Structure formats: C-alpha cells, structure tokens
Amino acid sequence: MKNEQYIKLRDQVSEMNKINDEISLINWNREDGPKFSSVEDMKDFEKKLKNNEFDYFFDKENNNSILDTRDVIIESFSHTLEDISFYIYTFKNQSNSNYVTYMALSNIQDNGNIDKLCGNSTSNKELAHNYFENLKLAITTNSIEDILDNLIVGAEKTLLSLKNKLSKLTSEN
C-alpha cells in the first residue's frame, strides 16, 4: 500500500512538473526578453541565469553591482519514517527576496526522489518559518499512510488547477 501511494504521488508530481514547465514556457515567450523553442532551452537558460553564468557579458567594474542569485538554504529538517525519508527546507530566493519552503521525499527501497512538494513562497521570513514548522509537525506526528494520502490529495488538486491554467493559456494563444 505505502509503495503504491509513493508511486502514485511520484507520477502525479512528474505530471505537475511537465504541465508547470509548459505554463512557464508560454509565459516566458509572452514577455519581453528571450524566446525559447522548447522547455529544455528555457530551463537551461534559467539554470545559467541562476548560476550567474552570464556575468561575462559585463566588465569587471559593472560586474560588482550584479546580485548573486544563488539561493541559500536558511533552515532544514530531515526525518525518516519507515522507508521514506523526508527533507524540509526553506531558502531565500535571491532573485526576488522571497522565502520558499519545500518538502522532498526519498524512498529508500527504490532510490526514488520527489522534490518540491508542498511549496510555499512568502516575503515574510516568520511566515515561512511557521509553514516550515507546520510541515515538520505533520511528518513527525502522522502515519506514513496518512502523510502520503494527504500529499496525493494535494497533488490531485494542484494538477487540476495546473491543467485549467494551461488550458486557459493555450486557448488565449
């Protein structure tokens, strides 16, 4: 049962990521700036931008004023329950100064990994910490089946929302 729940959740998250990438591609190509022919091109550009790989465009004098956009984890917590390892982390997104909290799961038996669950972004550090603590409490006080069930329900709702958003975006084009 637990392994089936994990696989279902992993598949849902994979589908969510694909849809979210398609939405991001449409939004990127609508805005001013670079245009991309594929999700892979867009993700490669975002990765390079995040890692300051475009700094060579600026001379040394102007390079000093470029912000470091690499994210820094400000708090984290790990917990293992049966064969599932949980990792909760909050980082400060240097690009927009928001605090972002995610949870990752690893299935020890099949080396599976699911990242960026239960995402929350806020400009308030205290609210980010409170969300972090709520996730921590949920994984330390509930059974593995209850945790996975709740994550599956949340993923189903997110999938529906993302599908509706993608449908709306594609009908507008």
# chains A, B, ... in the order shown; residues from 1 in each chain; ligands from 1
call {"tool": "select_by_dssp", "arguments": {"residues": "region 81-150 of chain A", "states": "alpha helix (DSSP H)", "output": "PyMOL selection string"}}
result
chain A and resi 125-141+144-150
call {"tool": "write_last_selection", "arguments": {"atoms": "C-alpha atoms", "output": "PDB file, in the first residue's frame"}}
result
ATOM      1  CA  LYS A 125      10.549  35.167   6.985  1.00  0.00           C
ATOM      2  CA  GLU A 126       8.382  34.432  10.036  1.00  0.00           C
ATOM      3  CA  LEU A 127       5.510  33.114   7.893  1.00  0.00           C
ATOM      4  CA  ALA A 128       7.978  30.917   6.030  1.00  0.00           C
ATOM      5  CA  HIS A 129       9.268  29.556   9.337  1.00  0.00           C
ATOM      6  CA  ASN A 130       5.711  28.867  10.547  1.00  0.00           C
ATOM      7  CA  TYR A 131       4.940  26.933   7.363  1.00  0.00           C
ATOM      8  CA  PHE A 132       8.201  25.009   7.800  1.00  0.00           C
ATOM      9  CA  GLU A 133       7.217  24.111  11.372  1.00  0.00           C
ATOM     10  CA  ASN A 134       3.717  23.006  10.285  1.00  0.00           C
ATOM     11  CA  LEU A 135       5.231  20.622   7.725  1.00  0.00           C
ATOM     12  CA  LYS A 136       7.678  19.355  10.336  1.00  0.00           C
ATOM     13  CA  LEU A 137       4.830  18.704  12.778  1.00  0.00           C
ATOM     14  CA  ALA A 138       2.786  16.904  10.111  1.00  0.00           C
ATOM     15  CA  ILE A 139       5.552  14.447   9.263  1.00  0.00           C
ATOM     16  CA  THR A 140       6.525  13.752  12.855  1.00  0.00           C
ATOM     17  CA  THR A 141       3.005  13.161  14.219  1.00  0.00           C
ATOM     18  CA  ILE A 144       3.217   7.321   6.671  1.00  0.00           C
ATOM     19  CA  GLU A 145      -0.081   6.289   5.040  1.00  0.00           C
ATOM     20  CA  ASP A 146      -1.843   9.450   6.254  1.00  0.00           C
ATOM     21  CA  ILE A 147       1.031  11.657   5.094  1.00  0.00           C
ATOM     22  CA  LEU A 148       1.109  10.076   1.632  1.00  0.00           C
ATOM     23  CA  ASP A 149      -2.700  10.215   1.334  1.00  0.00           C
ATOM     24  CA  ASN A 150      -2.694  13.929   2.179  1.00  0.00           C
TER      25      ASN A 150
END
call {"tool": "select_by_dssp", "arguments": {"residues": "region 110-150 of chain A", "states": "strand (DSSP E or B)", "output": "list in words"}}
result
Gly112, Asn113, Ile114, Asp115, Lys116, Leu117, Cys118, Gly119, Asn120, Ser121 and Thr122 of chain A
call {"tool": "residues_around", "arguments": {"residues": "Ser76 (chain A)", "least_positions_apart": "4", "cutoff": "9 Å", "atoms": "only C-alpha atoms", "output": "list in words"}}
result
Tyr87, Ile88, Tyr89, Thr90, Phe91 and Phe132 of chain A
call {"tool": "atom_distance", "arguments": {"atom1": "CA of Thr101 (chain A)", "atom2": "CA of Thr158 (chain A)"}}
result
16.5 Å
call {"tool": "atom_distance", "arguments": {"atom1": "CA of Leu81 (chain A)", "atom2": "CA of Ala104 (chain A)"}}
result
13.2 Å
call {"tool": "residues_around", "arguments": {"residues": "Asp21 (chain A)", "least_positions_apart": "5", "cutoff": "9 Å", "atoms": "only C-alpha atoms", "output": "PDB file with all heavy atoms, in the first residue's frame"}}
result
ATOM      1  N   MET A  16       2.718  17.102 -12.806  1.00  0.00           N
ATOM      2  CA  MET A  16       2.626  18.507 -12.400  1.00  0.00           C
ATOM      3  C   MET A  16       3.816  19.301 -12.930  1.00  0.00           C
ATOM      4  O   MET A  16       3.655  20.416 -13.432  1.00  0.00           O
ATOM      5  CB  MET A  16       2.583  18.628 -10.859  1.00  0.00           C
ATOM      6  CG  MET A  16       1.273  18.239 -10.243  1.00  0.00           C
ATOM      7  SD  MET A  16       1.247  18.115  -8.427  1.00  0.00           S
ATOM      8  CE  MET A  16       2.565  19.084  -7.842  1.00  0.00           C
ATOM      9  N   ILE A  26       5.145  29.137 -21.984  1.00  0.00           N
ATOM     10  CA  ILE A  26       4.180  30.062 -22.589  1.00  0.00           C
ATOM     11  C   ILE A  26       4.351  31.459 -21.994  1.00  0.00           C
ATOM     12  O   ILE A  26       4.391  32.456 -22.722  1.00  0.00           O
ATOM     13  CB  ILE A  26       2.730  29.552 -22.393  1.00  0.00           C
ATOM     14  CG1 ILE A  26       2.497  28.298 -23.238  1.00  0.00           C
ATOM     15  CG2 ILE A  26       1.714  30.642 -22.757  1.00  0.00           C
ATOM     16  CD1 ILE A  26       1.203  27.566 -22.919  1.00  0.00           C
ATOM     17  N   VAL A  39      10.973  23.665 -23.736  1.00  0.00           N
ATOM     18  CA  VAL A  39      11.103  23.725 -22.282  1.00  0.00           C
ATOM     19  C   VAL A  39      12.564  23.538 -21.887  1.00  0.00           C
ATOM     20  O   VAL A  39      13.068  24.220 -20.989  1.00  0.00           O
ATOM     21  CB  VAL A  39      10.207  22.656 -21.613  1.00  0.00           C
ATOM     22  CG1 VAL A  39      10.538  22.498 -20.152  1.00  0.00           C
ATOM     23  CG2 VAL A  39       8.732  22.999 -21.791  1.00  0.00           C
ATOM     24  N   MET A  42      14.502  26.740 -22.267  1.00  0.00           N
ATOM     25  CA  MET A  42      14.119  27.675 -21.214  1.00  0.00           C
ATOM     26  C   MET A  42      14.771  27.292 -19.885  1.00  0.00           C
ATOM     27  O   MET A  42      15.337  28.134 -19.191  1.00  0.00           O
ATOM     28  CB  MET A  42      12.594  27.691 -21.057  1.00  0.00           C
ATOM     29  CG  MET A  42      12.089  28.556 -19.918  1.00  0.00           C
ATOM     30  SD  MET A  42      10.344  28.279 -19.545  1.00  0.00           S
ATOM     31  CE  MET A  42      10.380  26.628 -18.872  1.00  0.00           C
ATOM     32  N   LYS A  43      14.716  26.002 -19.533  1.00  0.00           N
ATOM     33  CA  LYS A  43      15.285  25.553 -18.260  1.00  0.00           C
ATOM     34  C   LYS A  43      16.805  25.723 -18.235  1.00  0.00           C
ATOM     35  O   LYS A  43      17.373  26.077 -17.206  1.00  0.00           O
ATOM     36  CB  LYS A  43      14.891  24.101 -17.999  1.00  0.00           C
ATOM     37  CG  LYS A  43      13.406  23.963 -17.673  1.00  0.00           C
ATOM     38  CD  LYS A  43      13.016  22.530 -17.515  1.00  0.00           C
ATOM     39  CE  LYS A  43      12.984  22.233 -16.047  1.00  0.00           C
ATOM     40  NZ  LYS A  43      12.422  20.924 -15.738  1.00  0.00           N
TER      41      LYS A  43
END
call {"tool": "closest_residue", "arguments": {"among": "A:Gln12, A:Ser123, A:Asn29, A:Gln5", "to": "Glu156 (chain A)", "atoms": "only C-alpha atoms"}}
result
A:Gln12
call {"tool": "closest_residue", "arguments": {"among": "A:Gln109, A:Glu46, A:Asn124, A:Val13", "to": "Trp28 (chain A)", "atoms": "only C-alpha atoms"}}
result
A:Glu46
